[in-house]
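Engineer: The structure file protein01.cif (mmCIF, C-alpha atoms) is provided below.
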```cif
data_model
#
loop_
_atom_site.label_atom_id
_atom_site.label_comp_id
_atom_site.auth_asym_id
_atom_site.auth_seq_id
_atom_site.Cartn_x
_atom_site.Cartn_y
_atom_site.Cartn_z
CA MET A 27 28.27 -63.61 113.83
CA GLN A 28 26.24 -60.41 113.42
CA ASP A 29 23.14 -60.25 111.35
CA GLU A 30 23.49 -58.08 108.28
CA PRO A 31 20.99 -55.24 108.07
CA ALA A 32 18.07 -55.90 105.79
CA PRO A 33 18.53 -54.35 102.35
CA ILE A 34 16.67 -51.12 101.78
CA ARG A 35 13.64 -51.87 99.65
CA PRO A 36 12.38 -49.09 97.41
CA PHE A 37 8.82 -47.96 97.94
CA ARG A 38 6.66 -48.39 94.86
CA LEU A 39 3.40 -46.54 94.43
CA ASN A 40 0.52 -48.79 93.50
CA ALA A 41 -2.80 -47.84 91.90
CA ASN A 42 -4.41 -47.23 95.31
CA ASP A 43 -1.54 -44.93 96.33
CA ARG A 44 -1.91 -42.87 93.15
CA ALA A 45 -5.67 -42.65 93.63
CA ILE A 46 -5.27 -41.61 97.28
CA LEU A 47 -2.74 -38.93 96.29
CA ALA A 48 -5.07 -37.59 93.60
CA LEU A 49 -7.97 -37.34 96.06
CA LEU A 50 -5.81 -35.65 98.69
CA GLU A 51 -4.50 -33.21 96.12
CA GLU A 52 -8.07 -32.24 95.23
CA ASP A 53 -8.97 -31.81 98.90
CA ALA A 54 -6.35 -32.42 101.60
CA LYS A 55 -9.06 -32.31 104.30
CA ARG A 56 -10.66 -35.54 103.08
CA THR A 57 -10.95 -38.10 105.82
CA THR A 58 -9.67 -41.65 105.48
CA THR A 59 -13.30 -42.80 105.69
CA GLU A 60 -14.29 -40.57 102.77
CA ILE A 61 -11.32 -41.70 100.65
CA ALA A 62 -12.04 -45.34 101.46
CA SER A 63 -15.66 -44.89 100.42
CA ILE A 64 -14.74 -43.22 97.12
CA LEU A 65 -12.15 -45.86 96.25
CA GLY A 66 -14.09 -48.85 97.58
CA ILE A 67 -11.30 -49.99 99.91
CA SER A 68 -11.10 -50.22 103.68
CA ARG A 69 -10.41 -47.21 105.87
CA THR A 70 -7.54 -49.12 107.49
CA THR A 71 -5.94 -49.69 104.07
CA VAL A 72 -6.19 -45.98 103.28
CA LYS A 73 -4.67 -45.00 106.64
CA ASN A 74 -1.85 -47.54 106.29
CA ARG A 75 -1.04 -46.41 102.72
CA ILE A 76 -1.00 -42.73 103.75
CA ASP A 77 1.23 -43.54 106.74
CA ARG A 78 3.63 -45.53 104.52
CA MET A 79 3.76 -42.77 101.89
CA ARG A 80 4.53 -40.23 104.62
CA ASP A 81 7.18 -42.50 106.19
CA HIS A 82 8.84 -43.02 102.78
CA GLY A 83 8.83 -39.32 101.90
CA VAL A 84 6.20 -39.50 99.17
CA ILE A 85 3.97 -37.17 101.19
CA LYS A 86 6.26 -34.49 102.56
CA ARG A 87 3.83 -31.94 103.96
CA TYR A 88 0.24 -30.92 104.15
CA THR A 89 -0.69 -27.44 103.03
CA ILE A 90 -3.61 -25.22 102.15
CA GLU A 91 -4.30 -23.08 99.13
CA LEU A 92 -6.35 -19.97 99.68
CA GLU A 93 -9.21 -19.66 97.20
CA ASN A 94 -10.36 -16.14 98.14
CA PRO A 95 -7.60 -14.06 99.69
CA SER A 96 -8.57 -10.94 101.57
CA ALA A 97 -9.12 -7.80 99.51
CA GLU A 98 -6.00 -6.09 100.81
CA GLU A 99 -3.82 -8.92 99.55
CA GLY A 100 -5.09 -8.67 96.01
CA ARG A 101 -5.77 -11.47 93.57
CA PRO A 102 -3.27 -14.35 93.53
CA SER A 103 -0.98 -14.34 90.52
CA THR A 104 1.04 -17.26 89.21
CA ALA A 105 3.79 -16.89 86.65
CA PHE A 106 6.57 -18.75 84.91
CA PHE A 107 9.91 -17.08 84.47
CA VAL A 108 11.60 -18.40 81.34
CA VAL A 109 15.29 -17.81 82.00
CA GLN A 110 18.23 -17.77 79.60
CA LEU A 111 21.61 -17.92 81.28
CA LYS A 112 25.01 -16.62 80.23
CA ARG A 113 26.49 -20.00 81.18
CA PRO A 114 24.61 -23.27 81.84
CA ILE A 115 24.84 -23.12 85.64
CA CYS A 116 21.29 -23.28 86.94
CA ARG A 117 22.49 -24.35 90.38
CA ILE A 118 24.05 -20.92 91.07
CA VAL A 119 20.89 -19.06 90.06
CA TYR A 120 18.72 -21.50 92.02
CA GLN A 121 20.84 -20.94 95.14
CA SER A 122 20.01 -17.22 94.94
CA ILE A 123 16.22 -17.72 94.68
CA ARG A 124 15.57 -20.84 96.73
CA GLY A 125 14.62 -18.79 99.78
CA TRP A 126 11.86 -16.87 97.98
CA PRO A 127 8.58 -17.68 99.74
CA GLU A 128 6.82 -17.20 96.39
CA LEU A 129 8.88 -19.94 94.70
CA LEU A 130 6.82 -23.04 93.91
CA GLN A 131 9.09 -24.97 91.56
CA ALA A 132 12.21 -24.58 89.44
CA TRP A 133 13.54 -26.73 86.60
CA SER A 134 16.68 -26.95 84.49
CA VAL A 135 15.49 -27.61 80.94
CA THR A 136 16.87 -28.25 77.48
CA GLY A 137 16.63 -26.01 74.45
CA GLU A 138 16.97 -22.24 74.18
CA THR A 139 15.61 -21.86 77.68
CA ASP A 140 17.96 -22.94 80.47
CA PHE A 141 15.83 -22.56 83.57
CA LEU A 142 12.09 -22.37 84.34
CA VAL A 143 10.86 -20.87 87.58
CA LEU A 144 7.26 -21.04 88.85
CA VAL A 145 6.14 -18.42 91.39
CA ARG A 146 2.85 -17.50 93.04
CA THR A 147 2.26 -14.15 94.70
CA THR A 148 -0.62 -12.04 95.93
CA ASP A 149 -0.39 -9.59 93.04
CA SER A 150 1.19 -9.03 89.63
CA GLU A 151 3.33 -6.15 90.93
CA ARG A 152 5.17 -8.61 93.18
CA ILE A 153 5.75 -10.87 90.18
CA GLU A 154 7.35 -7.99 88.31
CA HIS A 155 9.53 -7.23 91.36
CA LEU A 156 10.72 -10.85 91.42
CA ARG A 157 11.42 -10.78 87.67
CA GLU A 158 13.52 -7.64 88.14
CA ARG A 159 15.49 -9.30 90.94
CA LEU A 160 16.11 -12.34 88.78
CA ILE A 161 17.21 -10.36 85.71
CA ARG A 162 19.82 -8.54 87.84
CA HIS A 163 21.55 -11.83 88.69
CA PRO A 164 25.02 -11.75 87.08
CA GLU A 165 24.53 -15.16 85.42
CA VAL A 166 21.14 -14.30 83.86
CA ARG A 167 21.04 -13.14 80.24
CA ASN A 168 17.26 -12.74 79.86
CA VAL A 169 14.01 -13.41 81.72
CA THR A 170 10.60 -13.65 80.09
CA ARG A 171 7.55 -13.56 82.32
CA GLN A 172 4.50 -15.66 81.44
CA LEU A 173 1.45 -15.11 83.63
CA VAL A 174 -0.86 -18.05 84.21
CA LEU A 175 -4.35 -17.04 83.10
CA GLN A 176 -6.26 -20.18 84.10
CA ASP A 177 -5.21 -23.19 86.15
CA TRP A 178 -7.06 -26.04 84.42
CA VAL A 179 -5.73 -29.06 86.24
CA ARG A 180 -3.18 -29.93 88.90
CA ARG A 181 -2.30 -33.58 89.42
CA VAL A 182 0.18 -35.78 91.14
CA GLN A 183 0.51 -38.84 88.98
CA PRO A 184 3.78 -40.61 89.56
CA SER A 185 4.62 -43.21 86.96
CA ALA A 186 3.97 -46.84 87.78
CA ASP A 187 7.67 -47.42 88.32
CA SER A 188 8.13 -44.42 90.67
CA MET A 189 10.24 -45.40 93.61
CA VAL A 190 11.23 -43.61 96.77
CA ALA A 191 13.83 -45.25 98.98
CA PRO A 192 13.05 -45.25 102.68
#
```
Go ahead and render the structure in this file as structure tokens.

Structural biologist:
Amino acid sequence: MQDEPAPIRPFRLNANDRAILALLEEDAKRTTTEIASILGISRTTVKNRIDRMRDHGVIKRYTIELENPSAEEGRPSTAFFVVQLKRPICRIVYQSIRGWPELLQAWSVTGETDFLVLVRTTDSERIEHLRERLIRHPEVRNVTRQLVLQDWVRRVQPSADSMVAP
């Protein structure tokens, strides 16, 4: 008789996980020792929790954000594109923009707006170029551009019942 495989148990973020994620989001270069000191938990616990979150897909990649780009690149610009579609088929429009390196996030939403797109570029001219590309899509009725003037806070705060299956 063969043993049945163990059931897949969902991974739940606990308070330490959320605190670790918040600290890493503020500064991804923080060491496990520094995080442990800030949170008042052991370095081994921090390392194990980070490893588990990475293994379960909670932490997908590590990245950097440039604070002062070189002068020739211009000042970073972030914008939302508020998109109204001819038909409610966000998937088709998303398929056409998913390869944009400037694309940060995209959402299907309710209300008069159908689709929200968040982009970040090295200058506002590039944002306008992307808006023009998007407005030419055959399924797009209208695109409104909203530039981000000030980024006040950026957090990763999954709800207490967030689960990621292994």

Engineer: Name the residues captured by the PyMOL selection byres ((chain A and resi 168-171) around 9) when it is applied to the shown file; answer as a PyMOL selection string.

Structural biologist: chain A and resi 105-112+153-154+157-158+160-161+166-167+172-173

Engineer: Evaluated on this file, the PyMOL selection byres ((chain A and resi 130) around 8) picks out some residues - which ones are they, written as a PDB file with C-alpha atoms, in the coordinates of the input?

Structural biologist:
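The result, written out as result_2.pdb:
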```pdb
ATOM      1  CA  GLU A 128       6.820 -17.200  96.390  1.00  0.00           C
ATOM      2  CA  LEU A 129       8.880 -19.940  94.700  1.00  0.00           C
ATOM      3  CA  GLN A 131       9.090 -24.970  91.560  1.00  0.00           C
ATOM      4  CA  ALA A 132      12.210 -24.580  89.440  1.00  0.00           C
ATOM      5  CA  VAL A 143      10.860 -20.870  87.580  1.00  0.00           C
ATOM      6  CA  LEU A 144       7.260 -21.040  88.850  1.00  0.00           C
ATOM      7  CA  VAL A 145       6.140 -18.420  91.390  1.00  0.00           C
ATOM      8  CA  ARG A 146       2.850 -17.500  93.040  1.00  0.00           C
TER       9      ARG A 146
END
```

Engineer: Report the centre and edge lengths, in Å to one decimal, of an axis-aligned box enclosing every atom of stretch 73-78 of chain A listed in the file, padded by 6 Å on each side, as JSON.

Structural biologist:
```
{"center_x": -0.5, "center_y": -45.1, "center_z": 104.7, "size_x": 20.3, "size_y": 16.8, "size_z": 16.0}
```

Engineer: Using atom CA of A:Thr59 and atom CA of A:Arg75 as the two end points, give the distance in Å to one decimal.

Structural biologist: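 Those two atoms sit 13.1 Å apart.
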
Engineer: Restricting the calculation to all atoms listed in the file, which member of A:Asn40, A:Arg69, A:Thr104, A:Arg124 is positioned closest to A:Ser150?

Structural biologist: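 Ranked by minimum distance to A:Ser150, first place goes to A:Thr104.
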
Engineer: Which one of A:Asn42, A:Ser122, A:Thr58, A:Ser63 sits closest to A:Leu156 if you count all atoms listed in the file?

Structural biologist: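 Closest residue, counting all atoms listed in the file: A:Ser122.
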
Engineer: As an exercise, work out the distance from atom CA of A:Arg181 to atom CA of A:Leu142 in Å and give it to one decimal place.

Structural biologist: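 So the two atoms, atom CA of A:Arg181 and atom CA of A:Leu142, lie 18.9 Å apart.
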
Engineer: For atom CA of A:Asp81 and atom CA of A:Pro36, determine how far apart the two atoms are, in Å to one decimal place.

Structural biologist: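 We find that atom CA of A:Asp81 and atom CA of A:Pro36 lie 12.1 Å from each other.
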
Engineer: Of the candidates A:Arg44, A:Arg38, A:Arg180, A:Lys55, which shows the shortest atom-to-atom distance to A:His82, using all atoms listed in the file?

Structural biologist: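 Distance minimum relative to A:His82 lands on A:Arg38.
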
Engineer: Counting all atoms listed in the file, figure out which residue out of A:Ile46, A:Val179, A:Cys116, A:Ala54 gets nearest to A:Val72.

Structural biologist: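 Smallest distance to A:Val72 is found for A:Ile46.
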
Engineer: Given the file above and the PyMOL selection byres ((chain A and resi 149) around 7), which residues are selected, and can you give them as a PyMOL selection string?

Structural biologist: chain A and resi 100-103+147-148+150-153

Engineer: Point out the residue among A:His155, A:Gly66, A:Arg113, A:Asp43 with the least atom-to-atom distance to A:Arg80, counting only C-alpha atoms.

Structural biologist: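 Smallest separation from A:Arg80 among the options: A:Asp43.
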